[in-house]
Amino acid sequence: MSPAPSRLDELASRSGPWLGGPPATASGRHTTAVVADRFDRITWRDTYEQSAGLRELTTELYEHHDRAPDLLTDVFLAAYQAAPRLRDRAEMAPSHLLNHHITTTLMESPEFTELRRETAGDPYAAAMAVLAQGSALRGLLERSGEARERAARASRARQAAESAATAVQEALQRAADEAAEDGTVPPTAADAVRRAIEAAEAAARQAADAAAQAVAAAVPGVRATARNAAGKAVAAVREEAALMRAWGVAPGETERMPFERRARLAERLRTSRLAEWAELIGRFRQMASGERARRVENTTGELVGVTLGDDLSRVIPSELASLGLPALRAVFAARYAAGELMLYDSQGERTSGQGAVIACVDTSHSMYEAGPGGVTREAWAKACALALLDQARHASRDFVGVLFSAADKVRVFRFPAGEPADIARVLDFAETFLGGGTSYQAPLSAAGALLEEEFDDTTRARGDIVLITDDDCGVTEDWMRAWNATKHRLGFRVFGVAIGTPRAAATGSVLEALCDNLRTVEDFTDVHAAADLFRMI
């Protein structure tokens, strides 16, 4: 007995779920787990094109997982966006469920929350975070063989479901072509539609099961690895930020830098001769900033004793008491005229100079010598000089770094107050080391000539010279007479720092004769040994 003829509308009703294709076809699903708008995608593309490190990492990870480029996109966007949002798993292409799992685990870790505080809105920092997590991502992909295989099976099952859905549509179309005017369909055509629907339903169930298995497939140790990777990224980003701050590079300045320039600068800071002393440099700058604040708060100075003079604003009470006795008023007047009144003596807070600040830094071979904590004499001297650079710029004064050793070895680095202090030039100053012996005359003559040039051009006098050295050497009498005449004419001060060699600052030494203010530093980890310099300069 032949089966009853089927009507086209009945077949179409049963085929309804497949007429527009399978529900949520793989081609309509997403390959990235983090929701991103057009601007986020442009930021990622531009950053990727500028970063050789990102491109190399992508190539390396692609060998382990052909979906690695999308995974790196997700990790970048999760770090870059202020409030990243993950897609639901159902929206993901089955082949990318592993990426979704890894990204979700990363974002759920407390360490990643900390990381976003450093990287949100900063493409360079977000790229750094991706690179810092590169080895961890590689390890996860290497251990994700089963998860990748299940994702591949889910993807194949989804493709089979799509093909089956297409077959339903084709069978229904053939049935429509063969249907009679009253809508009845021949049995063979109706059977073909029913078989296609049954195959599509089976393929859909198989795709759903494969997707569920792919989601359930765990990568061994993924949670611990994600936390460690995010923690490592936080440390790397913060370390670079601290390095930039130590060298005086403001956050706003780095954000305006082109990607490649910022990357080159970071690499140079990490590999410079003084890179290991970045923390010391930062502490020096912080100390100098505090001393500047103290000087502003205590403009009258620190009382250190009693001296003689004619400044009536500092006369001690016992002197003023003599004015109450008519017989002693003439004595008071005579002592005032002679500048012999007893006054309170203050130190360290007097009005600073107006001319250039010049740091003369000894770079002879002996400056390589290390002291407590492994800090070298050179590191302490250069850190102090960089803090003096900050001091000069804060006061809108020119700064000049004079590096010296033997009489024929002097290099001058000028940083005018009216121009930005180029970080590359600052690094050149900090990294330069001349070697050889020590001569005071050459650097001080250069410093005096610079102050005289400034006076001639701008009439600014009262500059400050800071001489940092670890050696004692002689000067000629003729040079000393000429030096004292220049100093008197221009009114500059000379501060001396004998670093690691107390004998250089001993009574009767040449250094003592040259300097108005002299101190010895033996503990190179102590930045406060030079604190008073930053209250006086």
# chains A, B, ... in the order shown; residues from 1 in each chain; ligands from 1
>>> residues_around(residues="Leu343 of chain A", least_positions_apart="4", cutoff="7 Å", atoms="only C-alpha atoms", output="number ranges by chain")
A: 306-309, 314-316
>>> residues_around(residues="Phe415 of chain A", least_positions_apart="6", cutoff="8 Å", atoms="only C-alpha atoms", output="list in words")
Asp398, Phe399, Val400 and Ala421 of chain A
>>> atom_distance(atom1="atom CA of Ala266 of chain A", atom2="atom CA of Leu243 of chain A")
8.1 Å
>>> residues_around(residues="Leu323 of chain A", least_positions_apart="5", cutoff="8 Å", atoms="only C-alpha atoms", output="number ranges by chain")
A: 328-329, 332
>>> write_last_selection(atoms="N, CA and C atoms", output="CSV table (one decimal), in the first residue's frame")
chain,number,residue,atom,x,y,z
A,328,LEU,N,75.0,102.5,76.8
A,328,LEU,CA,75.5,101.5,75.9
A,328,LEU,C,75.0,101.7,74.5
A,329,ARG,N,74.2,102.8,74.3
A,329,ARG,CA,73.7,103.0,72.9
A,329,ARG,C,74.9,103.3,71.9
A,332,PHE,N,76.6,100.2,71.0
A,332,PHE,CA,75.8,99.4,70.0
A,332,PHE,C,76.0,100.0,68.6
>>> residues_around(residues="segment 466-477 of chain A", least_positions_apart="4", cutoff="6 Å", atoms="only C-alpha atoms", output="JSON, numbers by chain")
{"A": [359, 360, 361, 362, 494, 495, 496, 497, 498, 499, 501, 504]}
>>> atom_distance(atom1="atom CA of Gly463 of chain A", atom2="atom CA of Leu511 of chain A")
18.6 Å
>>> select_by_dssp(residues="segment 292-498 of chain A", states="strand (DSSP E or B)", output="count of residues only")
48
>>> residues_around(residues="Val402 of chain A", least_positions_apart="2", cutoff="9 Å", atoms="only C-alpha atoms", output="list in words")
Ile358, Ala359, Cys360, Val361, Asp362, Val400, Phe404, Val410, Arg411, Val412, Phe413, Arg414, Phe429, Pro443, Leu444, Ala446 and Ala447 of chain A
>>> write_last_selection(atoms="C-alpha atoms", output="mmCIF file, in the first residue's frame")
data_model
loop_
_atom_site.group_PDB
_atom_site.id
_atom_site.type_symbol
_atom_site.label_atom_id
_atom_site.label_comp_id
_atom_site.auth_asym_id
_atom_site.auth_seq_id
_atom_site.Cartn_x
_atom_site.Cartn_y
_atom_site.Cartn_z
ATOM 1 C CA ILE A 358 76.906 73.205 36.894
ATOM 2 C CA ALA A 359 77.713 69.672 38.051
ATOM 3 C CA CYS A 360 81.357 68.742 37.528
ATOM 4 C CA VAL A 361 81.496 64.944 37.854
ATOM 5 C CA ASP A 362 84.763 63.037 38.102
ATOM 6 C CA VAL A 400 75.345 72.024 32.613
ATOM 7 C CA PHE A 404 86.058 65.183 33.506
ATOM 8 C CA VAL A 410 86.379 67.050 29.491
ATOM 9 C CA ARG A 411 82.880 66.695 28.014
ATOM 10 C CA VAL A 412 80.168 69.309 28.427
ATOM 11 C CA PHE A 413 76.409 68.601 28.274
ATOM 12 C CA ARG A 414 74.182 71.684 28.251
ATOM 13 C CA PHE A 429 75.354 62.427 29.976
ATOM 14 C CA PRO A 443 86.530 71.188 34.461
ATOM 15 C CA LEU A 444 86.459 74.218 36.772
ATOM 16 C CA ALA A 446 85.178 75.171 31.712
ATOM 17 C CA ALA A 447 82.523 75.840 34.382
#
>>> residues_around(residues="Thr459 of chain A", least_positions_apart="3", cutoff="12 Å", atoms="only C-alpha atoms", output="list of chain:residue names")
A:Gln354, A:Gly355, A:Ala356, A:Leu451, A:Glu452, A:Glu453, A:Glu454, A:Phe455, A:Asp456, A:Arg462, A:Gly463, A:Arg489, A:Leu490, A:Gly491
>>> write_last_selection(atoms="C-alpha atoms", output="mmCIF file, in the first residue's frame")
data_model
loop_
_atom_site.group_PDB
_atom_site.id
_atom_site.type_symbol
_atom_site.label_atom_id
_atom_site.label_comp_id
_atom_site.auth_asym_id
_atom_site.auth_seq_id
_atom_site.Cartn_x
_atom_site.Cartn_y
_atom_site.Cartn_z
ATOM 1 C CA GLN A 354 70.151 82.792 39.672
ATOM 2 C CA GLY A 355 72.795 81.614 37.227
ATOM 3 C CA ALA A 356 73.363 78.145 35.853
ATOM 4 C CA LEU A 451 79.137 81.189 33.859
ATOM 5 C CA GLU A 452 81.054 84.121 32.394
ATOM 6 C CA GLU A 453 79.402 83.524 29.011
ATOM 7 C CA GLU A 454 76.008 83.424 30.699
ATOM 8 C CA PHE A 455 76.747 86.671 32.551
ATOM 9 C CA ASP A 456 77.832 88.401 29.355
ATOM 10 C CA ARG A 462 75.401 83.901 41.234
ATOM 11 C CA GLY A 463 75.626 80.508 39.610
ATOM 12 C CA ARG A 489 83.434 88.965 39.791
ATOM 13 C CA LEU A 490 80.577 86.553 39.000
ATOM 14 C CA GLY A 491 79.557 85.788 42.585
#
